[in-house]
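What follows is a short report on a single structure.
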2 protein chains.
Amino acid sequence: MVPLALIQDLSEQTPSKILFLILDGLGGMPHPDVGQSELEVARIPNLDRFAGLSICGVTDPIAPGITPGSGPSHLALFGYDPIRFDIGRGILSALGIDFPIGPNDVCFRANFATVDGSGNITDRRAGRLATEINRELCALLRHIHVPEVEIFVETESGHRALVVFRGEGLSDRVTDTDPQHTGVPPLSAEPTQEDAVPMAQIMNGFLAEASLVLQGQEPANSLLLRGAASLPDIPTLPQIYRLSPAAIAAYPMYRGLAKLVGMEVIETGDTIWDEFETLQQNWEAYDFFYFHVKATDTAGEDGDFNRKVQVLEEIDSLIPALLRLQPEVFVITGDHSSPSALSGHSWHPVPFALYSTTCISDEISEFTERALVRGSLGRFPAQDAMLLAMGHAQKLAKYGA
Amino acid sequence: MVPLALIQDLSEQTPSKILFLILDGLGGMPHPDVGQSELEVARIPNLDRFAGLSICGVTDPIAPGITPGSGPSHLALFGYDPIRFDIGRGILSALGIDFPIGPNDVCFRANFATVDGSGNITDRRAGRLATEINRELCALLRHIHVPEVEIFVETESGHRALVVFRGEGLSDRVTDTDPQHTGVPPLSAEPTQEDAVPMAQIMNGFLAEASLVLQGQEPANSLLLRGAASLPDIPTLPQIYRLSPAAIAAYPMYRGLAKLVGMEVIETGDTIWDEFETLQQNWEAYDFFYFHVKATDTAGEDGDFNRKVQVLEEIDSLIPALLRLQPEVFVITGDHSSPSALSGHSWHPVPFALYSTTCISDEISEFTERALVRGSLGRFPAQDAMLLAMGHAQKLAKYGA
């Protein structure tokens, strides 16, 4: 890949505008009951026409065969090597609930869990606890006091929570206490580096207190911590690409990720038309827009083929309005695939089309997995998307004389 | 490429089965007398149908333009970087004759050669010596004694032999004595690292003795050593992918390579139907099968277009039986190309098709070089094959949240 320092050297500020429409979990696969994918079934004439004007392909967010989480797959789309810039689970949990992460924070994803009389875990998700009870238990856990460390215990949803330790000299080089399977007791946190010894002690002290607090609160009588992570040291899009980027996203985690890479996050509503309204109002103020739509992924994860088709058809109706804004570069892709046949994220490559007046269009006639891959981009790393967009927006100076 | 440590983190043991049918030297090119490749001429309806159900492409085993030996090309198929994991020529020679390599061994490929009265090499292959004479000379060379070192001298075939030095503290950091051209004397072995000084002395001592033993044995009156190599430090497939892999291969070198990467090597017969019988009998006991067919390569190396066509047609008849075993992932590819028009290995990319119920099939109608490259995988590194197979077999956990 091209080193970020070189991209920074080549990047130039220009008035041209780049729009990334990211349809979360966009890619599908033929459903065994239907014989076609969601994109193949959906009536999406505007997307089909868009493909015809674009350079097309499918992306591997991480590498062929690897199913990405939303964190790394978004980083790849924004031009980062998703393996080198590994955002810890704790940070993603914090971003997901809009927690204001500070430089001295170590964040953990926490699970409420059930342990039996002998201390062995019987359920790592405490019977998929009601969020309301989660809130009550988090309130109790906030009373735990550890000297010189501020502790935040925040509800995500269900059995999921966020625990943040804030203080000088804390380290994220500690192991998980969640053993990832049942029939064994929670693990002790262990330092993986010398300077993390105090952090492991603080965690273990907190967890011992938490066990006392949660005693008798079956099924949520235990707390498991994993994915220790501090704020990553990541260069921002304004630094690398000299862009003024804006994020329009309804879900906290995507807003958090966008903030992490230096985007300005604009308040918006829940529907794609709310998001469009926000885009239109802010069109003049920025030169890069990350427009995130969650509903495609939700339908895929729910295994709801028909709903994913409907969502795609609704998005299709948005395309002419987006084109009327006349972005110099307009990319439509997903962060990963979420076929409803698999009810979850998958490793399948992700549909990608980039429209610009500077394109040599591939004349692909359909916006489907099978049609797009026949485009000139073929199957390629998602990490290339930013450079392609920057190039077509004429925001990159010549490399060498 | 994805670091092996990350693949190890993501890999999960599941009941799904992966079958790699490796047709050695599979790829061809249009023969000037015929105007078509072997695959284009062969009647292979089952392979054609297989392509139609699969994701398709062609692989570069090492890199575009590079002709691979069987060692590195197999390593790439098994997911290793074939440049980083450089298996020395000496080890490949040892594997090729089923020599039981130990941890204190340094192996060399040896050539019987001819030197003239002034000690200059006149033929690096001793007139392509008869194997029978090779055996007699190896028996003579076994009488050479070096203190504290055990020496093995083993016939490969023709002018080719294996020499192994076994002892504490030996090193493979020594130069070849084979100058690779005629008109000059054999070289002295030189250490390339401080700790290899004793090894170079041992080699030079052995070679001086060998010259005396071979005196008057024209044309084989000299011995050249090259490709010093100890057992490589290579993580195994069970370690990286948590697989229980089995190898079904009739030829020693492939069995040796399979053992090197941690496969269990199952005894089998010489024909593809013997191999199929072995596969069927062991189907329940493993979750990854490397099924190797040599005859495609032999026909290609012999420059026998018609025989390669026949071999392909015979293999075609095996495909339905393999499909009936219902592997979750079934890959058909080669380790490299061996066009009969070139009578040897070549740099041409290698036909590849991966079938799985989780595929978005490319609807390619023919299993030929020209047709397969139009598939969604395009032209891609062979090293990606393992990750693709692991992904489609649903043996990889999600990367990141």
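Labels used: A, B, ... for chains in the order of the structure tokens, numbers from 1 for residues in each chain, and numbers from 1 for ligands as shown.
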Within 10 Å of chain A, which residues of chain B show up when using only C-alpha atoms, listed as number ranges by chain?
-> B: 1-3, 6-7, 10, 357-363, 374-380, 384-401
Could you pull out the strand (DSSP E or B) residues of range 66-289 of chain B from DSSP and send them as a PyMOL selection string?
-> chain B and resi 105-115+121-123+146+149-157+160-166+174+191+222-229+245-248+264-265+288-289
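The residue set within 10 Å of Ser365 in chain A, counting only C-alpha atoms and dropping same-chain residues fewer than 4 places from it, reads Pro45, Leu47, Asp48, Arg49, Phe50, Ala51, Gly52, Leu53, Ala371 and Leu372 of chain A.
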Since we have the selection now, will you write its residues out, keeping C-alpha atoms, as a PDB file, in the first residue's frame?
ATOM      1  CA  PRO A  45     -33.257   1.385 -11.497  1.00  0.00           C
ATOM      2  CA  LEU A  47     -28.577   2.239  -8.728  1.00  0.00           C
ATOM      3  CA  ASP A  48     -28.462   0.240 -11.972  1.00  0.00           C
ATOM      4  CA  ARG A  49     -28.075   3.465 -13.956  1.00  0.00           C
ATOM      5  CA  PHE A  50     -25.450   4.669 -11.478  1.00  0.00           C
ATOM      6  CA  ALA A  51     -23.435   1.482 -12.058  1.00  0.00           C
ATOM      7  CA  GLY A  52     -23.569   2.136 -15.785  1.00  0.00           C
ATOM      8  CA  LEU A  53     -21.902   5.542 -15.361  1.00  0.00           C
ATOM      9  CA  ALA A 371     -22.506  -7.590 -12.355  1.00  0.00           C
ATOM     10  CA  LEU A 372     -20.243  -5.170 -10.480  1.00  0.00           C
TER      11      LEU A 372
END
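One distance worth recording is that between CA of Ala196 in chain A and CA of Val164 in chain A, which is 15.5 Å.
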Contact residues around Ile240 in chain B with only C-alpha atoms at 7 Å, ignoring same-chain residues under 4 positions, as a list of chain:residue names = B:Leu4, B:Ile7, B:Gln8, B:Pro235, B:Thr236
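Distance-wise, CA of Thr155 in chain B and CA of Thr131 in chain B end up 7.5 Å apart.
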